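Raw run16.txt, compact mmCIF, N, CA, C and O atoms:
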# COMPACT_ATOMS: atom_id res chain seq x y z
N MET A 1 0.81 -1.19 0.00
CA MET A 1 0.00 0.00 0.00
C MET A 1 0.86 1.26 0.00
O MET A 1 0.70 2.12 -0.84
N PHE A 2 1.79 1.40 0.97
CA PHE A 2 2.62 2.60 1.05
C PHE A 2 3.55 2.74 -0.15
O PHE A 2 3.87 3.84 -0.56
N ILE A 3 3.93 1.62 -0.72
CA ILE A 3 4.81 1.68 -1.89
C ILE A 3 4.12 2.43 -3.01
O ILE A 3 4.70 3.35 -3.59
N GLU A 4 2.89 2.07 -3.31
CA GLU A 4 2.16 2.72 -4.40
C GLU A 4 1.71 4.13 -4.02
O GLU A 4 1.89 5.07 -4.78
N VAL A 5 1.13 4.28 -2.85
CA VAL A 5 0.55 5.55 -2.45
C VAL A 5 1.61 6.64 -2.31
O VAL A 5 1.41 7.78 -2.72
N MET A 6 2.75 6.29 -1.75
CA MET A 6 3.78 7.29 -1.46
C MET A 6 5.00 7.19 -2.36
O MET A 6 6.02 7.82 -2.11
N SER A 7 4.93 6.37 -3.40
CA SER A 7 6.04 6.17 -4.34
C SER A 7 7.33 5.76 -3.63
O SER A 7 8.41 6.26 -3.91
N LEU A 8 7.18 4.82 -2.70
CA LEU A 8 8.34 4.29 -2.00
C LEU A 8 8.77 3.00 -2.65
O LEU A 8 8.04 2.42 -3.46
N ARG A 9 9.96 2.52 -2.27
CA ARG A 9 10.43 1.23 -2.77
C ARG A 9 10.96 0.43 -1.60
O ARG A 9 11.48 0.99 -0.64
N GLU A 10 10.80 -0.89 -1.68
CA GLU A 10 11.36 -1.75 -0.66
C GLU A 10 12.87 -1.80 -0.84
O GLU A 10 13.37 -1.85 -1.98
N GLY A 11 13.61 -1.77 0.26
CA GLY A 11 15.06 -1.78 0.17
C GLY A 11 15.69 -2.62 1.26
O GLY A 11 15.02 -3.38 1.95
N ALA A 12 16.99 -2.46 1.39
CA ALA A 12 17.78 -3.25 2.33
C ALA A 12 17.26 -3.09 3.76
O ALA A 12 16.86 -2.00 4.16
N ARG A 13 17.28 -4.19 4.49
CA ARG A 13 16.84 -4.21 5.89
C ARG A 13 17.79 -5.12 6.65
O ARG A 13 18.12 -6.20 6.19
N PRO A 14 18.24 -4.69 7.82
CA PRO A 14 19.12 -5.55 8.61
C PRO A 14 18.45 -6.89 8.92
O PRO A 14 17.22 -7.00 8.89
N PRO A 15 19.24 -7.90 9.24
CA PRO A 15 18.68 -9.24 9.48
C PRO A 15 18.04 -9.39 10.86
O PRO A 15 18.50 -10.16 11.70
N PHE A 16 16.96 -8.64 11.09
CA PHE A 16 16.23 -8.78 12.34
C PHE A 16 15.60 -10.17 12.41
O PHE A 16 15.29 -10.76 11.37
N PRO A 17 15.34 -10.69 13.61
CA PRO A 17 14.77 -12.03 13.73
C PRO A 17 13.26 -12.09 13.57
O PRO A 17 12.62 -13.03 14.00
N PHE A 18 12.67 -11.07 12.95
CA PHE A 18 11.23 -11.04 12.72
C PHE A 18 10.98 -10.45 11.34
O PHE A 18 11.80 -9.68 10.84
N PRO A 19 9.88 -10.81 10.69
CA PRO A 19 9.61 -10.33 9.33
C PRO A 19 9.24 -8.85 9.29
O PRO A 19 8.71 -8.30 10.24
N GLY A 20 9.56 -8.23 8.17
CA GLY A 20 9.22 -6.83 7.97
C GLY A 20 9.87 -6.28 6.71
O GLY A 20 10.51 -7.02 5.97
N GLN A 21 9.66 -5.00 6.48
CA GLN A 21 10.22 -4.31 5.31
C GLN A 21 10.72 -2.94 5.74
O GLN A 21 10.15 -2.34 6.67
N TRP A 22 11.74 -2.47 5.06
CA TRP A 22 12.11 -1.07 5.17
C TRP A 22 11.79 -0.45 3.83
O TRP A 22 12.18 -0.96 2.77
N LEU A 23 11.03 0.64 3.85
CA LEU A 23 10.62 1.31 2.63
C LEU A 23 11.42 2.60 2.48
O LEU A 23 11.60 3.34 3.45
N TYR A 24 11.88 2.84 1.26
CA TYR A 24 12.80 3.94 0.98
C TYR A 24 12.18 5.00 0.08
O TYR A 24 11.42 4.69 -0.83
N ALA A 25 12.57 6.24 0.34
CA ALA A 25 12.35 7.38 -0.55
C ALA A 25 13.76 7.79 -0.96
O ALA A 25 14.55 8.23 -0.12
N GLY A 26 14.09 7.57 -2.21
CA GLY A 26 15.48 7.79 -2.63
C GLY A 26 16.39 6.81 -1.93
O GLY A 26 16.12 5.61 -1.90
N ASN A 27 17.45 7.32 -1.28
CA ASN A 27 18.40 6.45 -0.59
C ASN A 27 18.16 6.36 0.91
O ASN A 27 18.97 5.80 1.62
N GLN A 28 17.06 6.92 1.38
CA GLN A 28 16.79 6.96 2.82
C GLN A 28 15.61 6.06 3.19
O GLN A 28 14.54 6.18 2.61
N ALA A 29 15.84 5.16 4.15
CA ALA A 29 14.74 4.35 4.68
C ALA A 29 13.86 5.26 5.53
O ALA A 29 14.32 5.81 6.52
N VAL A 30 12.64 5.45 5.10
CA VAL A 30 11.76 6.40 5.79
C VAL A 30 10.61 5.73 6.54
O VAL A 30 9.94 6.37 7.33
N MET A 31 10.38 4.44 6.28
CA MET A 31 9.30 3.75 6.95
C MET A 31 9.74 2.32 7.26
O MET A 31 10.22 1.62 6.39
N HIS A 32 9.59 1.94 8.52
CA HIS A 32 9.88 0.58 8.95
C HIS A 32 8.55 -0.10 9.21
O HIS A 32 7.79 0.34 10.06
N VAL A 33 8.26 -1.16 8.48
CA VAL A 33 7.00 -1.87 8.59
C VAL A 33 7.31 -3.28 9.07
O VAL A 33 8.22 -3.92 8.56
N ILE A 34 6.55 -3.76 10.06
CA ILE A 34 6.76 -5.12 10.54
C ILE A 34 5.48 -5.90 10.40
O ILE A 34 4.38 -5.35 10.42
N ALA A 35 5.63 -7.21 10.22
CA ALA A 35 4.47 -8.08 10.09
C ALA A 35 3.79 -8.22 11.45
O ALA A 35 4.47 -8.30 12.48
N ASP A 36 2.49 -8.24 11.44
CA ASP A 36 1.73 -8.45 12.66
C ASP A 36 1.57 -9.95 12.86
O ASP A 36 0.90 -10.62 12.09
N ARG A 37 2.21 -10.47 13.87
CA ARG A 37 2.21 -11.92 14.12
C ARG A 37 0.82 -12.49 14.35
O ARG A 37 0.60 -13.67 14.20
N HIS A 38 -0.13 -11.65 14.70
CA HIS A 38 -1.48 -12.12 15.02
C HIS A 38 -2.47 -11.90 13.89
O HIS A 38 -3.63 -12.23 14.04
N ALA A 39 -2.02 -11.36 12.76
CA ALA A 39 -2.97 -11.03 11.69
C ALA A 39 -2.55 -11.58 10.33
O ALA A 39 -2.78 -10.96 9.31
N GLY A 40 -1.90 -12.73 10.31
CA GLY A 40 -1.52 -13.34 9.04
C GLY A 40 -0.54 -12.46 8.28
O GLY A 40 0.53 -12.15 8.77
N LYS A 41 -0.91 -12.03 7.08
CA LYS A 41 -0.03 -11.22 6.25
C LYS A 41 -0.19 -9.73 6.47
O LYS A 41 0.44 -8.93 5.81
N ALA A 42 -1.06 -9.34 7.38
CA ALA A 42 -1.27 -7.92 7.66
C ALA A 42 0.00 -7.32 8.25
O ALA A 42 0.83 -8.01 8.83
N VAL A 43 0.17 -6.04 8.06
CA VAL A 43 1.33 -5.35 8.63
C VAL A 43 0.85 -4.39 9.70
O VAL A 43 -0.31 -4.00 9.75
N ARG A 44 1.77 -4.01 10.55
CA ARG A 44 1.47 -3.09 11.64
C ARG A 44 2.40 -1.90 11.52
O ARG A 44 3.60 -2.04 11.34
N PHE A 45 1.83 -0.72 11.57
CA PHE A 45 2.62 0.50 11.57
C PHE A 45 2.68 0.97 13.01
O PHE A 45 1.70 1.46 13.55
N GLY A 46 3.81 0.76 13.65
CA GLY A 46 3.90 1.03 15.07
C GLY A 46 4.73 2.22 15.46
O GLY A 46 4.67 2.67 16.60
N HIS A 47 5.53 2.75 14.52
CA HIS A 47 6.39 3.87 14.89
C HIS A 47 6.91 4.58 13.64
O HIS A 47 6.79 4.07 12.54
N ILE A 48 7.50 5.75 13.86
CA ILE A 48 8.19 6.46 12.78
C ILE A 48 9.67 6.52 13.17
O ILE A 48 10.01 6.46 14.35
N ALA A 49 10.53 6.60 12.18
CA ALA A 49 11.97 6.56 12.43
C ALA A 49 12.66 7.76 11.80
O ALA A 49 12.30 8.19 10.70
N PHE A 50 13.63 8.29 12.52
CA PHE A 50 14.45 9.38 12.03
C PHE A 50 15.91 9.00 12.21
O PHE A 50 16.27 8.30 13.16
N ARG A 51 16.76 9.48 11.33
CA ARG A 51 18.20 9.17 11.35
C ARG A 51 18.98 10.42 11.72
O ARG A 51 18.67 11.51 11.27
N THR A 52 19.99 10.24 12.55
CA THR A 52 20.92 11.31 12.87
C THR A 52 22.34 10.77 12.79
O THR A 52 22.54 9.56 12.97
N GLU A 53 23.29 11.62 12.51
CA GLU A 53 24.69 11.21 12.53
C GLU A 53 25.34 11.56 13.86
O GLU A 53 26.52 11.29 14.07
N LEU A 54 24.58 12.15 14.77
CA LEU A 54 25.06 12.42 16.11
C LEU A 54 25.25 11.08 16.81
O LEU A 54 24.44 10.18 16.66
N ALA A 55 26.32 10.93 17.58
CA ALA A 55 26.59 9.67 18.27
C ALA A 55 25.45 9.32 19.22
O ALA A 55 24.87 10.20 19.87
N ALA A 56 25.13 8.04 19.29
CA ALA A 56 24.03 7.57 20.12
C ALA A 56 24.17 8.03 21.56
O ALA A 56 23.18 8.40 22.20
N GLU A 57 25.38 8.02 22.09
CA GLU A 57 25.60 8.45 23.47
C GLU A 57 25.11 9.89 23.69
O GLU A 57 24.49 10.20 24.70
N ALA A 58 25.36 10.76 22.71
CA ALA A 58 24.91 12.15 22.81
C ALA A 58 23.39 12.24 22.72
O ALA A 58 22.76 13.04 23.42
N VAL A 59 22.78 11.42 21.88
CA VAL A 59 21.31 11.43 21.76
C VAL A 59 20.69 10.94 23.07
O VAL A 59 19.73 11.54 23.57
N VAL A 60 21.26 9.89 23.65
CA VAL A 60 20.76 9.37 24.93
C VAL A 60 20.87 10.44 26.01
O VAL A 60 19.94 10.66 26.79
N GLU A 61 21.98 11.14 26.02
CA GLU A 61 22.17 12.22 27.00
C GLU A 61 21.09 13.29 26.84
O GLU A 61 20.51 13.75 27.82
N ARG A 62 20.79 13.66 25.60
CA ARG A 62 19.75 14.68 25.35
C ARG A 62 18.37 14.17 25.74
O ARG A 62 17.56 14.92 26.29
N LEU A 63 18.08 12.90 25.45
CA LEU A 63 16.78 12.32 25.84
C LEU A 63 16.64 12.33 27.36
O LEU A 63 15.58 12.68 27.89
N ASN A 64 17.71 11.96 28.06
CA ASN A 64 17.67 11.95 29.53
C ASN A 64 17.46 13.35 30.09
O ASN A 64 16.65 13.54 31.00
N ARG A 65 18.17 14.33 29.53
CA ARG A 65 18.02 15.72 29.99
C ARG A 65 16.59 16.21 29.78
O ARG A 65 16.06 16.96 30.59
N ALA A 66 15.97 15.78 28.68
CA ALA A 66 14.61 16.21 28.36
C ALA A 66 13.56 15.40 29.11
O ALA A 66 12.38 15.70 29.04
N GLY A 67 13.99 14.35 29.82
CA GLY A 67 13.06 13.55 30.60
C GLY A 67 12.31 12.49 29.81
O GLY A 67 11.28 12.00 30.28
N PHE A 68 12.81 12.11 28.64
CA PHE A 68 12.15 11.09 27.83
C PHE A 68 12.64 9.70 28.21
O PHE A 68 13.84 9.43 28.20
N VAL A 69 11.71 8.83 28.52
CA VAL A 69 12.03 7.42 28.76
C VAL A 69 12.23 6.77 27.40
O VAL A 69 11.49 7.05 26.45
N HIS A 70 13.23 5.90 27.30
CA HIS A 70 13.52 5.28 26.00
C HIS A 70 14.08 3.88 26.19
O HIS A 70 14.58 3.53 27.25
N ASP A 71 13.96 3.08 25.14
CA ASP A 71 14.57 1.75 25.07
C ASP A 71 15.63 1.79 23.98
O ASP A 71 15.48 2.52 22.99
N VAL A 72 16.67 0.99 24.14
CA VAL A 72 17.76 0.95 23.17
C VAL A 72 17.88 -0.45 22.60
O VAL A 72 17.79 -1.44 23.32
N SER A 73 18.08 -0.51 21.29
CA SER A 73 18.33 -1.76 20.60
C SER A 73 19.49 -1.52 19.64
O SER A 73 19.70 -0.40 19.19
N ILE A 74 20.24 -2.56 19.34
CA ILE A 74 21.35 -2.45 18.39
C ILE A 74 20.95 -3.15 17.10
O ILE A 74 20.48 -4.29 17.11
N VAL A 75 21.17 -2.49 15.96
CA VAL A 75 20.82 -3.03 14.65
C VAL A 75 21.82 -4.12 14.27
O VAL A 75 23.03 -3.88 14.29
N PRO A 76 21.32 -5.32 13.91
CA PRO A 76 22.24 -6.37 13.45
C PRO A 76 23.00 -5.90 12.21
O PRO A 76 22.49 -5.16 11.39
N ALA A 77 24.21 -6.29 12.09
CA ALA A 77 25.10 -6.00 10.96
C ALA A 77 25.75 -4.62 11.06
O ALA A 77 26.95 -4.51 11.07
N SER A 78 24.96 -3.54 11.18
CA SER A 78 25.56 -2.20 11.19
C SER A 78 26.07 -1.79 12.56
O SER A 78 26.98 -1.00 12.68
N GLY A 79 25.44 -2.31 13.62
CA GLY A 79 25.82 -1.92 14.97
C GLY A 79 25.28 -0.57 15.40
O GLY A 79 25.61 -0.09 16.48
N ASP A 80 24.46 0.07 14.57
CA ASP A 80 23.88 1.36 14.94
C ASP A 80 22.88 1.16 16.07
O ASP A 80 22.33 0.07 16.27
N ALA A 81 22.65 2.22 16.82
CA ALA A 81 21.68 2.19 17.91
C ALA A 81 20.31 2.64 17.42
O ALA A 81 20.21 3.54 16.59
N GLN A 82 19.28 1.99 17.92
CA GLN A 82 17.90 2.41 17.71
C GLN A 82 17.38 2.80 19.08
O GLN A 82 17.37 1.99 20.00
N LEU A 83 16.97 4.05 19.20
CA LEU A 83 16.44 4.57 20.46
C LEU A 83 14.94 4.74 20.28
O LEU A 83 14.51 5.52 19.42
N PHE A 84 14.15 4.01 21.04
CA PHE A 84 12.70 4.03 20.91
C PHE A 84 12.12 4.88 22.04
O PHE A 84 12.29 4.54 23.21
N VAL A 85 11.43 5.96 21.67
CA VAL A 85 10.86 6.89 22.63
C VAL A 85 9.34 6.81 22.51
O VAL A 85 8.78 7.08 21.45
N SER A 86 8.68 6.42 23.60
CA SER A 86 7.21 6.34 23.61
C SER A 86 6.66 7.69 24.04
O SER A 86 7.00 8.21 25.10
N LEU A 87 5.80 8.25 23.20
CA LEU A 87 5.20 9.55 23.49
C LEU A 87 3.76 9.38 23.97
O LEU A 87 3.13 8.36 23.71
N PRO A 88 3.23 10.39 24.67
CA PRO A 88 1.83 10.33 25.06
C PRO A 88 0.95 10.11 23.83
O PRO A 88 1.23 10.61 22.75
N GLY A 89 -0.09 9.31 23.98
CA GLY A 89 -0.98 9.01 22.86
C GLY A 89 -0.60 7.73 22.15
O GLY A 89 -1.30 7.28 21.25
N GLY A 90 0.54 7.13 22.52
CA GLY A 90 0.92 5.85 21.95
C GLY A 90 1.89 5.88 20.79
O GLY A 90 2.35 4.83 20.35
N LEU A 91 2.22 7.05 20.25
CA LEU A 91 3.18 7.11 19.15
C LEU A 91 4.57 6.78 19.67
O LEU A 91 4.98 7.27 20.72
N VAL A 92 5.29 5.95 18.93
CA VAL A 92 6.68 5.64 19.24
C VAL A 92 7.55 6.26 18.16
O VAL A 92 7.30 6.09 16.97
N VAL A 93 8.56 7.01 18.58
CA VAL A 93 9.53 7.62 17.67
C VAL A 93 10.84 6.87 17.83
O VAL A 93 11.34 6.72 18.94
N GLU A 94 11.37 6.40 16.72
CA GLU A 94 12.66 5.71 16.70
C GLU A 94 13.71 6.69 16.22
O GLU A 94 13.55 7.32 15.18
N LEU A 95 14.78 6.82 16.97
CA LEU A 95 15.90 7.67 16.59
C LEU A 95 17.09 6.76 16.32
O LEU A 95 17.59 6.09 17.22
N ASP A 96 17.52 6.69 15.06
CA ASP A 96 18.65 5.85 14.68
C ASP A 96 19.92 6.67 14.70
O ASP A 96 19.97 7.75 14.10
N ALA A 97 20.95 6.15 15.36
CA ALA A 97 22.20 6.89 15.51
C ALA A 97 23.37 5.93 15.52
O ALA A 97 23.25 4.81 16.03
N PRO A 98 24.51 6.35 14.98
CA PRO A 98 25.69 5.50 15.07
C PRO A 98 26.16 5.41 16.52
O PRO A 98 25.98 6.35 17.29
N VAL A 99 26.71 4.26 16.89
CA VAL A 99 27.22 4.11 18.24
C VAL A 99 28.36 5.10 18.48
O VAL A 99 28.49 5.68 19.53
N ARG A 100 29.14 5.36 17.46
CA ARG A 100 30.19 6.37 17.51
C ARG A 100 29.95 7.36 16.38
O ARG A 100 29.47 6.99 15.33
N SER A 101 30.30 8.61 16.60
CA SER A 101 30.15 9.65 15.58
C SER A 101 30.93 9.25 14.34
O SER A 101 32.04 8.75 14.43
N ARG A 102 30.35 9.47 13.16
CA ARG A 102 31.02 9.13 11.89
C ARG A 102 32.26 9.97 11.66
O ARG A 102 33.16 9.59 10.96
N SER A 103 32.32 11.15 12.29
CA SER A 103 33.47 12.04 12.08
C SER A 103 34.62 11.69 13.01
O SER A 103 35.70 12.20 12.86
N ALA A 104 34.40 10.81 13.97
CA ALA A 104 35.45 10.43 14.93
C ALA A 104 36.41 9.45 14.32
O ALA A 104 36.18 8.77 13.41
Could you express the structure from this file as structure tokens?
Amino acid sequence: MFIEVMSLREGARPPFPFPGQWLYAGNQAVMHVIADRHAGKAVRFGHIAFRTELAAEAVVERLNRAGFVHDVSIVPASGDAQLFVSLPGGLVVELDAPVRSRSA
């Protein structure tokens, strides 16, 4: 659905242990879609994701200062950090960041 409606394309996705797709606009993965284990082939849109080149440690520090509770996961293969921030109303924002700054 999102591929046609938003002119996205399916692209590379790390080897997570659960089914899903990463949908791209140009060279940027802009939507992470995962299969809903309870609904057959249906998909679940559970969060939005943003990418930063700021080191994950600095992002965590900023989240803590702002009082945001978050969970951290490491992406298989790349080693990048995924910081999941649950907002009021149920929206989850994923902040993807390198474990170390790319300029370091």
> Between A:Arg100, A:Arg9, A:Arg62, A:His70, which one has atoms that come closest to Tyr24 in chain A, using only N, CA, C and O atoms?
Replying inline: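 Among the listed residues, the smallest separation from Tyr24 in chain A belongs to A:Arg9.
In this comparison, which uses only N, CA, C and O atoms, the residue of A:Gly79, A:Phe84, A:Arg13, A:Trp22 approaching Val99 in chain A most closely is A:Gly79.
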Kindly compute an axis-aligned box around the listed atoms of range 92-99 of chain A, allowing 8 Å on each side, and express its centre and edge lengths in Å to one decimal as AutoDock Vina command-line options.
--center_x 16.9 --center_y 5.9 --center_z 16.8 --size_x 39.2 --size_y 19.6 --size_z 21.4
>> Using Å and a single decimal, report how far CA of Gly67 in chain A sits from atom O of Ala29 in chain A.
In response: 25.3 Å
> What is the distance, in Å and to one decimal place, between atom O of Glu53 in chain A and atom O of Gln82 in chain A?
Replying inline: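 Atom O of Gln82 in chain A lies 14.3 Å from atom O of Glu53 in chain A.
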> Distance atom C of His47 in chain A-CA of Pro14 in chain A, one decimal place?
Replying inline: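 Between atom C of His47 in chain A and CA of Pro14 in chain A the gap works out to 16.6 Å.
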> Which residue, A:Ile48, A:Met31, A:Glu10, A:Gln21, has the smallest gap to Glu94 in chain A when you use only C-alpha atoms?
Replying inline: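 Nearest candidate to Glu94 in chain A out of A:Ile48, A:Met31, A:Glu10, A:Gln21: A:Ile48.
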> Pick the closest to Ile34 in chain A from A:Phe18, A:Asp71, A:Ala81, A:Glu4: which is it, counting all atoms listed in the file?
Replying inline: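 Between A:Phe18, A:Asp71, A:Ala81, A:Glu4, the residue approaching Ile34 in chain A most closely is A:Phe18.
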Surrounding residues of Glu57 in chain A excluding itself and chain neighbours under 2 positions, 12 Å, only C-alpha atoms, as a tab-separated table (two decimals) with N, CA, C and O atoms, in the frame of the given file:
chain	number	residue	atom	x	y	z
A	52	THR	N	19.99	10.24	12.55
A	52	THR	CA	20.92	11.31	12.87
A	52	THR	C	22.34	10.77	12.79
A	52	THR	O	22.54	9.56	12.97
A	53	GLU	N	23.29	11.62	12.51
A	53	GLU	CA	24.69	11.21	12.53
A	53	GLU	C	25.34	11.56	13.86
A	53	GLU	O	26.52	11.29	14.07
A	54	LEU	N	24.58	12.15	14.77
A	54	LEU	CA	25.06	12.42	16.11
A	54	LEU	C	25.25	11.08	16.81
A	54	LEU	O	24.44	10.18	16.66
A	55	ALA	N	26.32	10.93	17.58
A	55	ALA	CA	26.59	9.67	18.27
A	55	ALA	C	25.45	9.32	19.22
A	55	ALA	O	24.87	10.20	19.87
A	59	VAL	N	22.78	11.42	21.88
A	59	VAL	CA	21.31	11.43	21.76
A	59	VAL	C	20.69	10.94	23.07
A	59	VAL	O	19.73	11.54	23.57
A	60	VAL	N	21.26	9.89	23.65
A	60	VAL	CA	20.76	9.37	24.93
A	60	VAL	C	20.87	10.44	26.01
A	60	VAL	O	19.94	10.66	26.79
A	61	GLU	N	21.98	11.14	26.02
A	61	GLU	CA	22.17	12.22	27.00
A	61	GLU	C	21.09	13.29	26.84
A	61	GLU	O	20.51	13.75	27.82
A	62	ARG	N	20.79	13.66	25.60
A	62	ARG	CA	19.75	14.68	25.35
A	62	ARG	C	18.37	14.17	25.74
A	62	ARG	O	17.56	14.92	26.29
A	63	LEU	N	18.08	12.90	25.45
A	63	LEU	CA	16.78	12.32	25.84
A	63	LEU	C	16.64	12.33	27.36
A	63	LEU	O	15.58	12.68	27.89
A	64	ASN	N	17.71	11.96	28.06
A	64	ASN	CA	17.67	11.95	29.53
A	64	ASN	C	17.46	13.35	30.09
A	64	ASN	O	16.65	13.54	31.00
A	72	VAL	N	16.67	0.99	24.14
A	72	VAL	CA	17.76	0.95	23.17
A	72	VAL	C	17.88	-0.45	22.60
A	72	VAL	O	17.79	-1.44	23.32
A	80	ASP	N	24.46	0.07	14.57
A	80	ASP	CA	23.88	1.36	14.94
A	80	ASP	C	22.88	1.16	16.07
A	80	ASP	O	22.33	0.07	16.27
A	81	ALA	N	22.65	2.22	16.82
A	81	ALA	CA	21.68	2.19	17.91
A	81	ALA	C	20.31	2.64	17.42
A	81	ALA	O	20.21	3.54	16.59
A	82	GLN	N	19.28	1.99	17.92
A	82	GLN	CA	17.90	2.41	17.71
A	82	GLN	C	17.38	2.80	19.08
A	82	GLN	O	17.37	1.99	20.00
A	83	LEU	N	16.97	4.05	19.20
A	83	LEU	CA	16.44	4.57	20.46
A	83	LEU	C	14.94	4.74	20.28
A	83	LEU	O	14.51	5.52	19.42
A	95	LEU	N	14.78	6.82	16.97
A	95	LEU	CA	15.90	7.67	16.59
A	95	LEU	C	17.09	6.76	16.32
A	95	LEU	O	17.59	6.09	17.22
A	96	ASP	N	17.52	6.69	15.06
A	96	ASP	CA	18.65	5.85	14.68
A	96	ASP	C	19.92	6.67	14.70
A	96	ASP	O	19.97	7.75	14.10
A	97	ALA	N	20.95	6.15	15.36
A	97	ALA	CA	22.20	6.89	15.51
A	97	ALA	C	23.37	5.93	15.52
A	97	ALA	O	23.25	4.81	16.03
A	98	PRO	N	24.51	6.35	14.98
A	98	PRO	CA	25.69	5.50	15.07
A	98	PRO	C	26.16	5.41	16.52
A	98	PRO	O	25.98	6.35	17.29
A	99	VAL	N	26.71	4.26	16.89
A	99	VAL	CA	27.22	4.11	18.24
A	99	VAL	C	28.36	5.10	18.48
A	99	VAL	O	28.49	5.68	19.53
A	100	ARG	N	29.14	5.36	17.46
A	100	ARG	CA	30.19	6.37	17.51
A	100	ARG	C	29.95	7.36	16.38
A	100	ARG	O	29.47	6.99	15.33
A	101	SER	N	30.30	8.61	16.60
A	101	SER	CA	30.15	9.65	15.58
A	101	SER	C	30.93	9.25	14.34
A	101	SER	O	32.04	8.75	14.43
Check chain A with DSSP on the backbone and list each residue it calls alpha helix (DSSP H), as a PDB file with N, CA, C and O atoms, in the coordinates of the input.
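As a result, out31.pdb now contains:
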ATOM      1  N   PHE A   2       1.790   1.400   0.970  1.00  0.00           N
ATOM      2  CA  PHE A   2       2.620   2.600   1.050  1.00  0.00           C
ATOM      3  C   PHE A   2       3.550   2.740  -0.150  1.00  0.00           C
ATOM      4  O   PHE A   2       3.870   3.840  -0.560  1.00  0.00           O
ATOM      5  N   ILE A   3       3.930   1.620  -0.720  1.00  0.00           N
ATOM      6  CA  ILE A   3       4.810   1.680  -1.890  1.00  0.00           C
ATOM      7  C   ILE A   3       4.120   2.430  -3.010  1.00  0.00           C
ATOM      8  O   ILE A   3       4.700   3.350  -3.590  1.00  0.00           O
ATOM      9  N   GLU A   4       2.890   2.070  -3.310  1.00  0.00           N
ATOM     10  CA  GLU A   4       2.160   2.720  -4.400  1.00  0.00           C
ATOM     11  C   GLU A   4       1.710   4.130  -4.020  1.00  0.00           C
ATOM     12  O   GLU A   4       1.890   5.070  -4.780  1.00  0.00           O
ATOM     13  N   VAL A   5       1.130   4.280  -2.850  1.00  0.00           N
ATOM     14  CA  VAL A   5       0.550   5.550  -2.450  1.00  0.00           C
ATOM     15  C   VAL A   5       1.610   6.640  -2.310  1.00  0.00           C
ATOM     16  O   VAL A   5       1.410   7.780  -2.720  1.00  0.00           O
ATOM     17  N   MET A   6       2.750   6.290  -1.750  1.00  0.00           N
ATOM     18  CA  MET A   6       3.780   7.290  -1.460  1.00  0.00           C
ATOM     19  C   MET A   6       5.000   7.190  -2.360  1.00  0.00           C
ATOM     20  O   MET A   6       6.020   7.820  -2.110  1.00  0.00           O
ATOM     21  N   ALA A  56      25.130   8.040  19.290  1.00  0.00           N
ATOM     22  CA  ALA A  56      24.030   7.570  20.120  1.00  0.00           C
ATOM     23  C   ALA A  56      24.170   8.030  21.560  1.00  0.00           C
ATOM     24  O   ALA A  56      23.180   8.400  22.200  1.00  0.00           O
ATOM     25  N   GLU A  57      25.380   8.020  22.090  1.00  0.00           N
ATOM     26  CA  GLU A  57      25.600   8.450  23.470  1.00  0.00           C
ATOM     27  C   GLU A  57      25.110   9.890  23.690  1.00  0.00           C
ATOM     28  O   GLU A  57      24.490  10.200  24.700  1.00  0.00           O
ATOM     29  N   ALA A  58      25.360  10.760  22.710  1.00  0.00           N
ATOM     30  CA  ALA A  58      24.910  12.150  22.810  1.00  0.00           C
ATOM     31  C   ALA A  58      23.390  12.240  22.720  1.00  0.00           C
ATOM     32  O   ALA A  58      22.760  13.040  23.420  1.00  0.00           O
ATOM     33  N   VAL A  59      22.780  11.420  21.880  1.00  0.00           N
ATOM     34  CA  VAL A  59      21.310  11.430  21.760  1.00  0.00           C
ATOM     35  C   VAL A  59      20.690  10.940  23.070  1.00  0.00           C
ATOM     36  O   VAL A  59      19.730  11.540  23.570  1.00  0.00           O
ATOM     37  N   VAL A  60      21.260   9.890  23.650  1.00  0.00           N
ATOM     38  CA  VAL A  60      20.760   9.370  24.930  1.00  0.00           C
ATOM     39  C   VAL A  60      20.870  10.440  26.010  1.00  0.00           C
ATOM     40  O   VAL A  60      19.940  10.660  26.790  1.00  0.00           O
ATOM     41  N   GLU A  61      21.980  11.140  26.020  1.00  0.00           N
ATOM     42  CA  GLU A  61      22.170  12.220  27.000  1.00  0.00           C
ATOM     43  C   GLU A  61      21.090  13.290  26.840  1.00  0.00           C
ATOM     44  O   GLU A  61      20.510  13.750  27.820  1.00  0.00           O
ATOM     45  N   ARG A  62      20.790  13.660  25.600  1.00  0.00           N
ATOM     46  CA  ARG A  62      19.750  14.680  25.350  1.00  0.00           C
ATOM     47  C   ARG A  62      18.370  14.170  25.740  1.00  0.00           C
ATOM     48  O   ARG A  62      17.560  14.920  26.290  1.00  0.00           O
ATOM     49  N   LEU A  63      18.080  12.900  25.450  1.00  0.00           N
ATOM     50  CA  LEU A  63      16.780  12.320  25.840  1.00  0.00           C
ATOM     51  C   LEU A  63      16.640  12.330  27.360  1.00  0.00           C
ATOM     52  O   LEU A  63      15.580  12.680  27.890  1.00  0.00           O
ATOM     53  N   ASN A  64      17.710  11.960  28.060  1.00  0.00           N
ATOM     54  CA  ASN A  64      17.670  11.950  29.530  1.00  0.00           C
ATOM     55  C   ASN A  64      17.460  13.350  30.090  1.00  0.00           C
ATOM     56  O   ASN A  64      16.650  13.540  31.000  1.00  0.00           O
ATOM     57  N   ARG A  65      18.170  14.330  29.530  1.00  0.00           N
ATOM     58  CA  ARG A  65      18.020  15.720  29.990  1.00  0.00           C
ATOM     59  C   ARG A  65      16.590  16.210  29.780  1.00  0.00           C
ATOM     60  O   ARG A  65      16.060  16.960  30.590  1.00  0.00           O
ATOM     61  N   ALA A  66      15.970  15.780  28.680  1.00  0.00           N
ATOM     62  CA  ALA A  66      14.610  16.210  28.360  1.00  0.00           C
ATOM     63  C   ALA A  66      13.560  15.400  29.110  1.00  0.00           C
ATOM     64  O   ALA A  66      12.380  15.700  29.040  1.00  0.00           O
TER      65      ALA A  66
END
> Taking (17.2, -5.7, 18.8) in the file's coordinates as the center, which residues reach within 8 Å of it, counting only N, CA, C and O atoms, put as a PyMOL selection string?
Replying inline: chain A and resi 16-17+72-76+82
>> So, with all atoms listed in the file as the atoms that count, which of A:Val33, A:Ala49, A:Pro15, A:Leu23 lies closest to Ala77 in chain A?
In response: A:Pro15
